[in-house]
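Okay, structure first, notes after.
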Amino acid sequence: MNARTPSELLKAMSHHNRPDHLSNAHLDALEEETIFILREVAAAFERPTLLFSGGKDSLVMLKCAEKAFIDSKTGGHIPYPLLMIDTGHNFHEVTDFRDSRAKELGAELIVRSVEDSMARGTVRLTHPGESRNVHQSVTLLEAIDEFRFDALIGGARRDEEKARAKERIFSHRDSFGQWQPKEQRPELWTLFNTRLHPGEHFRVFPISNWTELDVWQYIARENIALPSLYYTHQRAVVERKGLLVPVTELTPLKPGEVAELRDVRFRTVGDITCTCPVASLAATADDIVLETLSVEVSERGATRMDDKTSEASMEKRKKDGYF
């Protein structure tokens, strides 16, 4: 299903340095698969929700959901609400865009905050400056219990990280919200086992088979609007452990460090305390398509501080209920 662009077209594109020389015919197959999965979730579950952060992957899924359920002539609506788990440390450009996009579609948007979990005492930080990103799992599980969601549709892709590459499209979670990598269900011939016991749920990943390049080609083809952070802009940063850390109130300079104003963009957007930009002059989706062809490190590997704590950091968090 995940067809790849022929190597001769890549060479031609490199020679002419024009994105229109890169074939995107495979996007039709990826889009068709994603729409099929989105409709399968609507048919198989009673209380599904689509995780919507306002980031590029969730916006691609939202575009596919529009195509799956909304007809340009007869209308329609997305048959499940959008859910956002807010750490309270998200970029305002992304949360503002999230709100406006949901309002534009007339979709129900549910926002649950890690700060509310902190107020309830279910999340306790070891120190005030600790990243809240990992604690989203607690707030997410509380939201699942509150609304009795039985399927959560997420925008994770297999090319992002090793643990994500091991996960099925329909990923079963037990009554504690945990992922058991050794107990995943087979998915042969696009047949999905959606059977659940009380208290269990599924995480569903319709764009699992997409790559970062596929996402940007689709954004360019469909002219999908994104938060401005995804494109080049000037920002004060400081280099730490090979990453460009944005200088903010949440991530201030350490003693002896000097901020530098750089042209950067974000490949992925998350909590400010653990998300880093990359040096880039790419101002359009087509520019990013060209840039993505030459990268050798996945977007999470190049931009996420929380994934660098250990080789198994993502897998451990997923076992604890992470997205």
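As shown in the structure tokens, the chain order sets the letters A, B, ...; within each chain, residues go from 1, and ligands are also counted from 1 in the order they appear.
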
Show me, as a CSV table (one decimal) with all heavy atoms, in the first residue's frame, the residues that have an atom within 12 Å of stretch 169-183 of chain A when counting only C-alpha atoms, minus same-chain residues fewer than 6 positions from it.
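Output (out-v9.csv):
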chain,number,residue,atom,x,y,z
A,33,GLU,N,-6.4,4.4,1.6
A,33,GLU,CA,-6.3,3.6,2.8
A,33,GLU,C,-6.7,4.3,4.0
A,33,GLU,O,-7.5,3.8,4.9
A,33,GLU,CB,-4.9,3.1,2.9
A,33,GLU,CG,-4.6,2.2,4.1
A,33,GLU,CD,-3.2,1.9,4.3
A,33,GLU,OE1,-2.3,2.8,4.3
A,33,GLU,OE2,-2.9,0.7,4.5
A,34,THR,N,-6.3,5.6,4.2
A,34,THR,CA,-6.6,6.4,5.3
A,34,THR,C,-8.1,6.6,5.4
A,34,THR,O,-8.7,6.5,6.5
A,34,THR,CB,-5.9,7.7,5.3
A,34,THR,OG1,-4.5,7.5,5.3
A,34,THR,CG2,-6.3,8.6,6.5
A,37,ILE,N,-9.9,3.5,6.6
A,37,ILE,CA,-9.7,3.2,8.1
A,37,ILE,C,-10.6,4.2,8.9
A,37,ILE,O,-11.2,3.8,9.9
A,37,ILE,CB,-8.2,3.4,8.5
A,37,ILE,CG1,-7.4,2.3,7.8
A,37,ILE,CG2,-8.0,3.4,10.0
A,37,ILE,CD1,-5.9,2.5,7.9
A,38,LEU,N,-10.6,5.4,8.5
A,38,LEU,CA,-11.5,6.4,9.2
A,38,LEU,C,-12.9,6.0,9.2
A,38,LEU,O,-13.7,6.1,10.2
A,38,LEU,CB,-11.3,7.8,8.6
A,38,LEU,CG,-10.0,8.5,8.8
A,38,LEU,CD1,-9.8,9.7,8.0
A,38,LEU,CD2,-9.8,8.9,10.3
A,40,GLU,N,-13.9,2.9,8.8
A,40,GLU,CA,-14.0,1.6,9.5
A,40,GLU,C,-14.2,1.9,11.0
A,40,GLU,O,-14.9,1.2,11.7
A,40,GLU,CB,-12.7,0.8,9.3
A,40,GLU,CG,-12.8,-0.6,9.8
A,40,GLU,CD,-13.6,-1.6,9.0
A,40,GLU,OE1,-14.2,-1.2,8.0
A,40,GLU,OE2,-13.7,-2.7,9.4
A,41,VAL,N,-13.5,2.9,11.5
A,41,VAL,CA,-13.6,3.3,12.9
A,41,VAL,C,-15.0,3.8,13.2
A,41,VAL,O,-15.6,3.4,14.2
A,41,VAL,CB,-12.6,4.4,13.3
A,41,VAL,CG1,-12.8,5.0,14.7
A,41,VAL,CG2,-11.1,3.9,13.2
A,44,ALA,N,-17.2,0.6,13.3
A,44,ALA,CA,-16.9,-0.5,14.3
A,44,ALA,C,-17.0,-0.1,15.8
A,44,ALA,O,-17.2,-0.9,16.6
A,44,ALA,CB,-15.6,-1.0,14.0
A,45,PHE,N,-17.0,1.2,16.0
A,45,PHE,CA,-16.9,1.7,17.4
A,45,PHE,C,-18.1,2.6,17.8
A,45,PHE,O,-18.6,3.3,16.9
A,45,PHE,CB,-15.6,2.3,17.7
A,45,PHE,CG,-14.4,1.4,17.6
A,45,PHE,CD1,-13.7,1.5,16.4
A,45,PHE,CD2,-14.0,0.6,18.6
A,45,PHE,CE1,-12.6,0.6,16.2
A,45,PHE,CE2,-12.9,-0.3,18.4
A,45,PHE,CZ,-12.2,-0.2,17.2
A,137,SER,N,-0.1,11.3,29.3
A,137,SER,CA,-0.7,10.0,29.3
A,137,SER,C,-1.8,9.9,30.4
A,137,SER,O,-2.8,9.4,30.2
A,137,SER,CB,0.4,9.0,29.6
A,137,SER,OG,1.4,9.0,28.6
A,138,VAL,N,-1.5,10.5,31.6
A,138,VAL,CA,-2.5,10.5,32.7
A,138,VAL,C,-3.7,11.3,32.3
A,138,VAL,O,-4.9,10.8,32.5
A,138,VAL,CB,-1.8,11.2,33.9
A,138,VAL,CG1,-2.9,11.3,35.0
A,138,VAL,CG2,-0.6,10.4,34.4
A,139,THR,N,-3.6,12.5,31.7
A,139,THR,CA,-4.7,13.3,31.3
A,139,THR,C,-5.5,12.6,30.2
A,139,THR,O,-6.8,12.6,30.2
A,139,THR,CB,-4.3,14.7,30.9
A,139,THR,OG1,-3.4,15.2,31.9
A,139,THR,CG2,-5.5,15.6,30.7
A,140,LEU,N,-4.8,11.9,29.3
A,140,LEU,CA,-5.5,11.2,28.2
A,140,LEU,C,-6.3,10.1,28.8
A,140,LEU,O,-7.5,9.9,28.4
A,140,LEU,CB,-4.5,10.7,27.2
A,140,LEU,CG,-5.0,9.9,26.1
A,140,LEU,CD1,-5.9,10.7,25.2
A,140,LEU,CD2,-3.9,9.2,25.2
A,141,LEU,N,-5.8,9.3,29.7
A,141,LEU,CA,-6.5,8.2,30.3
A,141,LEU,C,-7.7,8.7,31.1
A,141,LEU,O,-8.8,8.0,31.1
A,141,LEU,CB,-5.6,7.3,31.1
A,141,LEU,CG,-4.5,6.6,30.4
A,141,LEU,CD1,-3.5,5.9,31.4
A,141,LEU,CD2,-5.1,5.6,29.4
A,142,GLU,N,-7.6,9.8,31.7
A,142,GLU,CA,-8.7,10.4,32.4
A,142,GLU,C,-9.8,10.8,31.5
A,142,GLU,O,-11.0,10.7,31.7
A,142,GLU,CB,-8.2,11.6,33.3
A,142,GLU,CG,-7.4,11.2,34.4
A,142,GLU,CD,-6.8,12.4,35.2
A,142,GLU,OE1,-6.8,13.5,34.6
A,142,GLU,OE2,-6.3,12.2,36.3
A,143,ALA,N,-9.4,11.4,30.3
A,143,ALA,CA,-10.4,11.8,29.3
A,143,ALA,C,-11.1,10.6,28.7
A,143,ALA,O,-12.3,10.6,28.5
A,143,ALA,CB,-9.7,12.6,28.2
A,144,ILE,N,-10.3,9.5,28.5
A,144,ILE,CA,-10.9,8.2,28.0
A,144,ILE,C,-12.0,7.7,29.0
A,144,ILE,O,-13.1,7.3,28.6
A,144,ILE,CB,-9.9,7.2,27.8
A,144,ILE,CG1,-9.0,7.6,26.6
A,144,ILE,CG2,-10.5,5.8,27.5
A,144,ILE,CD1,-7.7,6.7,26.5
A,145,ASP,N,-11.7,7.8,30.3
A,145,ASP,CA,-12.6,7.3,31.3
A,145,ASP,C,-13.8,8.3,31.4
A,145,ASP,O,-15.0,7.8,31.5
A,145,ASP,CB,-11.9,7.3,32.7
A,145,ASP,CG,-12.8,6.7,33.8
A,145,ASP,OD1,-13.2,5.6,33.7
A,145,ASP,OD2,-13.1,7.5,34.7
A,148,ARG,N,-15.7,7.8,28.0
A,148,ARG,CA,-15.8,6.3,27.7
A,148,ARG,C,-15.5,6.1,26.2
A,148,ARG,O,-16.2,5.3,25.5
A,148,ARG,CB,-17.3,5.8,28.0
A,148,ARG,CG,-17.6,5.9,29.5
A,148,ARG,CD,-18.9,5.3,29.9
A,148,ARG,NE,-20.0,5.9,29.2
A,148,ARG,CZ,-20.9,5.3,28.4
A,148,ARG,NH1,-20.9,4.0,28.3
A,148,ARG,NH2,-21.9,5.9,27.8
A,149,PHE,N,-14.4,6.7,25.8
A,149,PHE,CA,-14.0,6.5,24.4
A,149,PHE,C,-13.5,5.1,24.2
A,149,PHE,O,-12.9,4.5,25.1
A,149,PHE,CB,-12.8,7.5,24.0
A,149,PHE,CG,-13.2,8.9,23.9
A,149,PHE,CD1,-12.5,9.9,24.6
A,149,PHE,CD2,-14.3,9.3,23.1
A,149,PHE,CE1,-12.8,11.2,24.5
A,149,PHE,CE2,-14.6,10.6,23.0
A,149,PHE,CZ,-13.9,11.6,23.7
A,150,ASP,N,-13.9,4.5,23.1
A,150,ASP,CA,-13.5,3.1,22.8
A,150,ASP,C,-12.5,3.0,21.6
A,150,ASP,O,-11.9,2.0,21.3
A,150,ASP,CB,-14.7,2.2,22.6
A,150,ASP,CG,-15.6,2.7,21.5
A,150,ASP,OD1,-15.3,3.7,20.9
A,150,ASP,OD2,-16.6,2.0,21.3
A,151,ALA,N,-12.2,4.2,21.0
A,151,ALA,CA,-11.2,4.2,19.9
A,151,ALA,C,-10.7,5.7,19.8
A,151,ALA,O,-11.5,6.6,19.7
A,151,ALA,CB,-11.8,3.8,18.6
A,152,LEU,N,-9.4,5.8,19.8
A,152,LEU,CA,-8.8,7.1,19.7
A,152,LEU,C,-7.9,7.1,18.4
A,152,LEU,O,-7.0,6.3,18.3
A,152,LEU,CB,-7.9,7.4,20.9
A,152,LEU,CG,-8.7,7.7,22.2
A,152,LEU,CD1,-9.0,6.5,22.9
A,152,LEU,CD2,-7.8,8.7,23.1
A,153,ILE,N,-8.3,8.0,17.5
A,153,ILE,CA,-7.6,8.0,16.2
A,153,ILE,C,-6.4,9.0,16.3
A,153,ILE,O,-6.6,10.2,16.6
A,153,ILE,CB,-8.5,8.5,15.1
A,153,ILE,CG1,-9.8,7.6,15.1
A,153,ILE,CG2,-7.9,8.4,13.7
A,153,ILE,CD1,-10.9,8.2,14.2
A,154,GLY,N,-5.2,8.5,16.0
A,154,GLY,CA,-4.0,9.3,16.2
A,154,GLY,C,-3.2,9.5,14.9
A,154,GLY,O,-3.4,8.7,13.9
A,155,GLY,N,-2.3,10.4,14.8
A,155,GLY,CA,-1.6,10.7,13.6
A,155,GLY,C,-0.2,10.2,13.6
A,155,GLY,O,0.7,10.6,12.8
A,156,ALA,N,0.1,9.2,14.4
A,156,ALA,CA,1.5,8.6,14.5
A,156,ALA,C,1.8,7.8,13.2
A,156,ALA,O,0.9,7.2,12.6
A,156,ALA,CB,1.6,7.7,15.7
A,157,ARG,N,3.1,7.9,12.8
A,157,ARG,CA,3.5,7.2,11.6
A,157,ARG,C,4.7,6.2,12.0
A,157,ARG,O,5.5,6.5,12.9
A,157,ARG,CB,4.0,8.2,10.5
A,157,ARG,CG,3.0,9.2,10.2
A,157,ARG,CD,3.5,10.1,9.0
A,157,ARG,NE,4.9,10.3,9.1
A,157,ARG,CZ,5.5,11.3,9.7
A,157,ARG,NH1,4.7,12.3,10.3
A,157,ARG,NH2,6.8,11.5,9.7
A,158,ARG,N,4.8,5.1,11.2
A,158,ARG,CA,5.9,4.2,11.5
A,158,ARG,C,7.3,4.7,11.3
A,158,ARG,O,8.2,4.2,11.9
A,158,ARG,CB,5.6,2.9,10.7
A,158,ARG,CG,4.4,2.1,11.1
A,158,ARG,CD,4.3,0.8,10.5
A,158,ARG,NE,3.2,0.0,11.0
A,158,ARG,CZ,2.1,-0.4,10.3
A,158,ARG,NH1,2.1,-0.1,9.0
A,158,ARG,NH2,1.2,-1.1,10.8
A,163,ALA,N,9.7,2.5,18.2
A,163,ALA,CA,8.5,1.9,18.8
A,163,ALA,C,7.3,2.0,18.0
A,163,ALA,O,6.4,1.1,18.0
A,163,ALA,CB,8.3,2.5,20.2
A,190,THR,N,-6.0,-6.3,5.2
A,190,THR,CA,-6.7,-5.1,5.7
A,190,THR,C,-8.0,-5.6,6.5
A,190,THR,O,-9.0,-4.9,6.4
A,190,THR,CB,-7.1,-4.2,4.6
A,190,THR,OG1,-6.0,-4.2,3.6
A,190,THR,CG2,-7.3,-2.8,5.1
A,191,LEU,N,-7.8,-6.7,7.2
A,191,LEU,CA,-8.9,-7.1,8.1
A,191,LEU,C,-8.5,-6.8,9.6
A,191,LEU,O,-7.4,-7.2,10.0
A,191,LEU,CB,-9.1,-8.6,8.0
A,191,LEU,CG,-9.6,-9.1,6.6
A,191,LEU,CD1,-9.7,-10.6,6.5
A,191,LEU,CD2,-11.0,-8.5,6.3
A,192,PHE,N,-9.3,-6.1,10.3
A,192,PHE,CA,-9.0,-5.6,11.6
A,192,PHE,C,-9.9,-6.3,12.7
A,192,PHE,O,-11.1,-6.3,12.5
A,192,PHE,CB,-9.1,-4.1,11.7
A,192,PHE,CG,-8.3,-3.4,10.7
A,192,PHE,CD1,-8.9,-2.7,9.6
A,192,PHE,CD2,-6.9,-3.4,10.7
A,192,PHE,CE1,-8.2,-2.0,8.6
A,192,PHE,CE2,-6.2,-2.7,9.8
A,192,PHE,CZ,-6.8,-2.0,8.7
A,193,ASN,N,-9.3,-6.8,13.7
A,193,ASN,CA,-10.0,-7.4,14.8
A,193,ASN,C,-10.3,-6.3,15.8
A,193,ASN,O,-9.4,-5.8,16.5
A,193,ASN,CB,-9.1,-8.5,15.5
A,193,ASN,CG,-9.8,-9.2,16.6
A,193,ASN,OD1,-10.9,-8.7,17.1
A,193,ASN,ND2,-9.3,-10.3,17.1
A,194,THR,N,-11.5,-5.8,15.9
A,194,THR,CA,-11.9,-4.7,16.8
A,194,THR,C,-12.6,-5.1,18.0
A,194,THR,O,-13.3,-4.3,18.7
A,194,THR,CB,-12.8,-3.7,16.0
A,194,THR,OG1,-13.9,-4.4,15.5
A,194,THR,CG2,-12.0,-3.2,14.8
A,195,ARG,N,-12.5,-6.4,18.4
A,195,ARG,CA,-13.2,-6.9,19.6
A,195,ARG,C,-12.6,-6.3,20.8
A,195,ARG,O,-11.4,-6.3,21.0
A,195,ARG,CB,-13.1,-8.4,19.6
A,195,ARG,CG,-13.9,-9.1,20.8
A,195,ARG,CD,-13.8,-10.6,20.7
A,195,ARG,NE,-14.4,-11.1,19.4
A,195,ARG,CZ,-14.3,-12.3,19.0
A,195,ARG,NH1,-13.7,-13.2,19.8
A,195,ARG,NH2,-14.8,-12.7,17.9
A,196,LEU,N,-13.4,-5.9,21.7
A,196,LEU,CA,-13.0,-5.3,23.0
A,196,LEU,C,-13.7,-5.9,24.2
A,196,LEU,O,-14.9,-6.3,24.1
A,196,LEU,CB,-13.3,-3.8,23.0
A,196,LEU,CG,-12.5,-2.8,22.1
A,196,LEU,CD1,-13.1,-1.4,22.2
A,196,LEU,CD2,-11.0,-2.8,22.6
A,197,HIS,N,-13.0,-6.0,25.3
A,197,HIS,CA,-13.6,-6.3,26.6
A,197,HIS,C,-13.9,-5.0,27.3
A,197,HIS,O,-13.3,-4.0,27.0
A,197,HIS,CB,-12.6,-7.2,27.4
A,197,HIS,CG,-12.4,-8.6,26.8
A,197,HIS,ND1,-13.5,-9.5,26.8
A,197,HIS,CD2,-11.3,-9.2,26.3
A,197,HIS,CE1,-13.0,-10.6,26.2
A,197,HIS,NE2,-11.7,-10.4,25.9
A,198,PRO,N,-14.8,-5.0,28.3
A,198,PRO,CA,-15.1,-3.8,29.0
A,198,PRO,C,-13.9,-3.1,29.6
A,198,PRO,O,-13.0,-3.7,30.2
A,198,PRO,CB,-16.0,-4.3,30.2
A,198,PRO,CG,-16.6,-5.6,29.6
A,198,PRO,CD,-15.6,-6.2,28.8
A,199,GLY,N,-13.8,-1.8,29.4
A,199,GLY,CA,-12.7,-1.0,29.9
A,199,GLY,C,-11.5,-0.9,28.9
A,199,GLY,O,-10.6,0.0,29.1
A,200,GLU,N,-11.5,-1.7,27.9
A,200,GLU,CA,-10.4,-1.7,26.9
A,200,GLU,C,-10.7,-0.6,25.8
A,200,GLU,O,-11.9,-0.2,25.6
A,200,GLU,CB,-10.2,-3.0,26.3
A,200,GLU,CG,-9.8,-4.1,27.3
A,200,GLU,CD,-9.6,-5.5,26.7
A,200,GLU,OE1,-10.2,-5.7,25.5
A,200,GLU,OE2,-9.0,-6.3,27.3
A,201,HIS,N,-9.7,-0.3,25.0
A,201,HIS,CA,-9.9,0.6,23.9
A,201,HIS,C,-8.9,0.4,22.8
A,201,HIS,O,-7.9,-0.4,23.0
A,201,HIS,CB,-10.0,2.1,24.3
A,201,HIS,CG,-8.7,2.6,24.7
A,201,HIS,ND1,-8.2,2.5,26.0
A,201,HIS,CD2,-7.7,3.3,24.1
A,201,HIS,CE1,-7.0,3.1,26.1
A,201,HIS,NE2,-6.7,3.6,25.0
A,202,PHE,N,-9.0,1.0,21.7
A,202,PHE,CA,-8.1,1.0,20.6
A,202,PHE,C,-7.5,2.3,20.4
A,202,PHE,O,-8.1,3.4,20.5
A,202,PHE,CB,-8.7,0.5,19.3
A,202,PHE,CG,-8.7,-1.0,19.2
A,202,PHE,CD1,-9.9,-1.7,19.6
A,202,PHE,CD2,-7.7,-1.7,18.6
A,202,PHE,CE1,-9.9,-3.1,19.5
A,202,PHE,CE2,-7.7,-3.1,18.5
A,202,PHE,CZ,-8.9,-3.8,18.9
A,203,ARG,N,-6.2,2.4,20.0
A,203,ARG,CA,-5.6,3.5,19.4
A,203,ARG,C,-5.5,3.2,17.9
A,203,ARG,O,-4.9,2.1,17.5
A,203,ARG,CB,-4.2,3.8,19.9
A,203,ARG,CG,-4.2,3.9,21.5
A,203,ARG,CD,-4.7,5.2,22.0
A,203,ARG,NE,-4.8,5.1,23.5
A,203,ARG,CZ,-3.8,5.5,24.3
A,203,ARG,NH1,-2.7,6.0,23.8
A,203,ARG,NH2,-4.0,5.5,25.6
A,204,VAL,N,-6.0,4.0,17.0
A,204,VAL,CA,-6.0,3.7,15.6
A,204,VAL,C,-5.1,4.7,14.9
A,204,VAL,O,-5.3,5.9,15.1
A,204,VAL,CB,-7.4,3.8,15.1
A,204,VAL,CG1,-7.5,3.4,13.6
A,204,VAL,CG2,-8.3,2.8,15.9
A,205,PHE,N,-4.3,4.3,14.0
A,205,PHE,CA,-3.3,5.1,13.3
A,205,PHE,C,-3.5,5.0,11.8
A,205,PHE,O,-2.8,4.3,11.1
A,205,PHE,CB,-1.9,4.8,13.7
A,205,PHE,CG,-1.7,4.8,15.2
A,205,PHE,CD1,-1.5,3.7,15.9
A,205,PHE,CD2,-1.7,6.0,15.9
A,205,PHE,CE1,-1.4,3.7,17.3
A,205,PHE,CE2,-1.6,6.1,17.3
A,205,PHE,CZ,-1.4,4.9,18.0
A,206,PRO,N,-4.4,5.8,11.2
A,206,PRO,CA,-4.7,5.7,9.8
A,206,PRO,C,-3.6,6.1,8.8
A,206,PRO,O,-3.5,5.7,7.7
A,206,PRO,CB,-5.9,6.7,9.6
A,206,PRO,CG,-6.5,6.8,11.0
A,206,PRO,CD,-5.3,6.8,11.9
A,207,ILE,N,-2.6,6.9,9.3
A,207,ILE,CA,-1.5,7.3,8.4
A,207,ILE,C,-0.2,6.6,8.8
A,207,ILE,O,0.9,7.1,8.6
A,207,ILE,CB,-1.3,8.8,8.3
A,207,ILE,CG1,-0.9,9.4,9.7
A,207,ILE,CG2,-2.5,9.5,7.8
A,207,ILE,CD1,-0.5,10.9,9.6
A,208,SER,N,-0.3,5.4,9.4
A,208,SER,CA,0.9,4.6,9.8
A,208,SER,C,1.8,4.4,8.6
A,208,SER,O,3.0,4.4,8.8
A,208,SER,CB,0.4,3.3,10.4
A,208,SER,OG,-0.1,3.4,11.6
A,209,ASN,N,1.3,4.2,7.5
A,209,ASN,CA,2.1,3.8,6.3
A,209,ASN,C,2.6,5.0,5.5
A,209,ASN,O,3.3,4.8,4.5
A,209,ASN,CB,1.3,2.9,5.3
A,209,ASN,CG,1.1,1.5,5.9
A,209,ASN,OD1,1.9,1.0,6.7
A,209,ASN,ND2,-0.1,0.9,5.6
A,210,TRP,N,2.3,6.2,6.0
A,210,TRP,CA,2.9,7.4,5.4
A,210,TRP,C,4.3,7.7,5.9
A,210,TRP,O,4.6,7.3,7.0
A,210,TRP,CB,2.0,8.6,5.7
A,210,TRP,CG,0.6,8.5,5.1
A,210,TRP,CD1,-0.3,7.5,5.3
A,210,TRP,CD2,-0.1,9.6,4.4
A,210,TRP,NE1,-1.5,7.8,4.7
A,210,TRP,CE2,-1.4,9.1,4.2
A,210,TRP,CE3,0.2,10.9,4.0
A,210,TRP,CZ2,-2.4,9.9,3.5
A,210,TRP,CZ3,-0.8,11.6,3.4
A,210,TRP,CH2,-2.0,11.1,3.1
A,314,MET,N,10.5,6.0,24.1
A,314,MET,CA,9.2,6.0,23.5
A,314,MET,C,8.4,4.7,23.8
A,314,MET,O,7.2,4.8,24.1
A,314,MET,CB,9.3,6.2,22.0
A,314,MET,CG,7.9,6.1,21.2
A,314,MET,SD,6.7,7.3,21.7
A,314,MET,CE,7.2,8.7,20.7
A,315,GLU,N,9.0,3.6,23.7
A,315,GLU,CA,8.3,2.3,23.9
A,315,GLU,C,7.8,2.3,25.4
A,315,GLU,O,6.7,1.9,25.7
A,315,GLU,CB,9.2,1.1,23.6
A,315,GLU,CG,8.5,-0.2,23.8
A,315,GLU,CD,9.1,-1.3,23.1
A,315,GLU,OE1,9.8,-1.1,22.1
A,315,GLU,OE2,8.9,-2.5,23.6
A,316,LYS,N,8.6,2.7,26.3
A,316,LYS,CA,8.2,2.7,27.7
A,316,LYS,C,7.0,3.6,27.9
A,316,LYS,O,6.1,3.3,28.6
A,316,LYS,CB,9.4,3.2,28.6
A,316,LYS,CG,9.0,3.2,30.1
A,316,LYS,CD,10.2,3.7,31.0
A,316,LYS,CE,9.8,3.7,32.4
A,316,LYS,NZ,8.6,4.5,32.8
A,317,ARG,N,7.0,4.8,27.3
A,317,ARG,CA,5.9,5.7,27.5
A,317,ARG,C,4.6,5.2,26.8
A,317,ARG,O,3.5,5.4,27.4
A,317,ARG,CB,6.2,7.1,26.8
A,317,ARG,CG,7.1,8.0,27.8
A,317,ARG,CD,7.4,9.3,27.1
A,317,ARG,NE,8.4,9.2,26.1
A,317,ARG,CZ,8.5,10.0,25.0
A,317,ARG,NH1,7.6,11.0,24.9
A,317,ARG,NH2,9.5,9.8,24.2
A,318,LYS,N,4.8,4.5,25.7
A,318,LYS,CA,3.6,3.9,25.1
A,318,LYS,C,3.0,2.8,25.9
A,318,LYS,O,1.8,2.6,26.0
A,318,LYS,CB,4.0,3.4,23.7
A,318,LYS,CG,4.2,4.5,22.7
A,318,LYS,CD,4.6,3.9,21.3
A,318,LYS,CE,3.5,3.4,20.6
A,318,LYS,NZ,2.5,4.4,20.2
A,319,LYS,N,3.8,2.1,26.6
A,319,LYS,CA,3.3,1.0,27.5
A,319,LYS,C,2.6,1.6,28.7
A,319,LYS,O,1.7,1.0,29.3
A,319,LYS,CB,4.5,0.2,28.0
A,319,LYS,CG,5.1,-0.8,27.0
A,319,LYS,CD,6.2,-1.6,27.5
A,319,LYS,CE,6.8,-2.5,26.5
A,319,LYS,NZ,8.0,-3.3,27.1
A,320,ASP,N,2.9,2.9,29.0
A,320,ASP,CA,2.3,3.6,30.1
A,320,ASP,C,1.0,4.3,29.7
A,320,ASP,O,0.4,5.0,30.5
A,320,ASP,CB,3.2,4.5,30.8
A,320,ASP,CG,4.3,3.8,31.5
A,320,ASP,OD1,4.1,2.7,31.9
A,320,ASP,OD2,5.4,4.4,31.7
A,321,GLY,N,0.7,4.3,28.4
A,321,GLY,CA,-0.5,4.9,27.9
A,321,GLY,C,-0.3,6.1,27.0
A,321,GLY,O,-1.3,6.8,26.6
A,322,TYR,N,0.9,6.4,26.6
A,322,TYR,CA,1.2,7.5,25.7
A,322,TYR,C,0.5,7.3,24.3
A,322,TYR,O,0.2,6.2,24.0
A,322,TYR,CB,2.7,7.7,25.6
A,322,TYR,CG,3.1,9.0,25.0
A,322,TYR,CD1,3.0,10.2,25.6
A,322,TYR,CD2,3.8,9.0,23.7
A,322,TYR,CE1,3.4,11.4,25.1
A,322,TYR,CE2,4.2,10.2,23.2
A,322,TYR,CZ,4.0,11.4,23.8
A,322,TYR,OH,4.5,12.6,23.3
A,323,PHE,N,0.5,8.4,23.5
A,323,PHE,CA,-0.2,8.4,22.2
A,323,PHE,C,0.3,7.3,21.3
A,323,PHE,O,1.5,7.0,21.2
A,323,PHE,CB,-0.1,9.7,21.5
A,323,PHE,CG,-0.5,10.9,22.3
A,323,PHE,CD1,0.3,11.9,22.7
A,323,PHE,CD2,-1.9,10.9,22.7
A,323,PHE,CE1,-0.2,13.0,23.5
A,323,PHE,CE2,-2.3,12.0,23.5
A,323,PHE,CZ,-1.5,13.0,23.9

Practice prompt. Within 10 Å of A:Glu257, counting only C-alpha atoms, which residues show up once you throw out same-chain ones fewer than 5 positions away? Write them as a PyMOL selection string, please.
Written response: chain A and resi 238-240+252

Discussion item. What's around A:Leu229 at 10 Å? Count only C-alpha atoms, leave out sequence neighbours fewer than 2 positions away in its own chain, and write the answer as an MDAnalysis selection string.
Written reply: chainID A and resid 55 91 93:94 226:227 231:233 264:269 277

Worksheet item: When DSSP works through the backbone of this structure, what residues of stretch 143-264 of chain A end up as alpha helix (DSSP H), shown as a PyMOL selection string?
Response: chain A and resi 143-147+162-165+212-222

Item to complete: Would you return as a count of residues only the members of stretch 71-290 of chain A that DSSP assigns to strand (DSSP E or B) on this structure's backbone?
Response: 47

Discussion item. I want to know what sits within 9 Å of A:Val114, based on only C-alpha atoms, with residues of the same chain fewer than 3 positions away left out; could you give that as JSON, numbers by chain?
Written reply: {"A": [85, 86, 87, 88, 117, 118, 119, 123, 132, 133, 135, 136, 138, 139, 140]}

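With distances taken over only C-alpha atoms, A:Leu213 is the one residue among A:Leu213, A:Leu125, A:Leu82, A:Ala42 lying closest to A:Glu160.
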
Discussion item. Using only C-alpha atoms for the distances, tell me which of A:Gly54, A:Gly270, A:Pro246, A:Pro81 is nearest to A:Asp96.
Written reply: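 Nearest to A:Asp96: A:Gly54.
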
Worksheet item: With only C-alpha atoms as the atoms that count, which of A:Tyr230, A:Phe36, A:Tyr218, A:Tyr80 lies nearest to A:Gly106?
Response: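 Checking each candidate against A:Gly106, we get A:Tyr80 as the closest.
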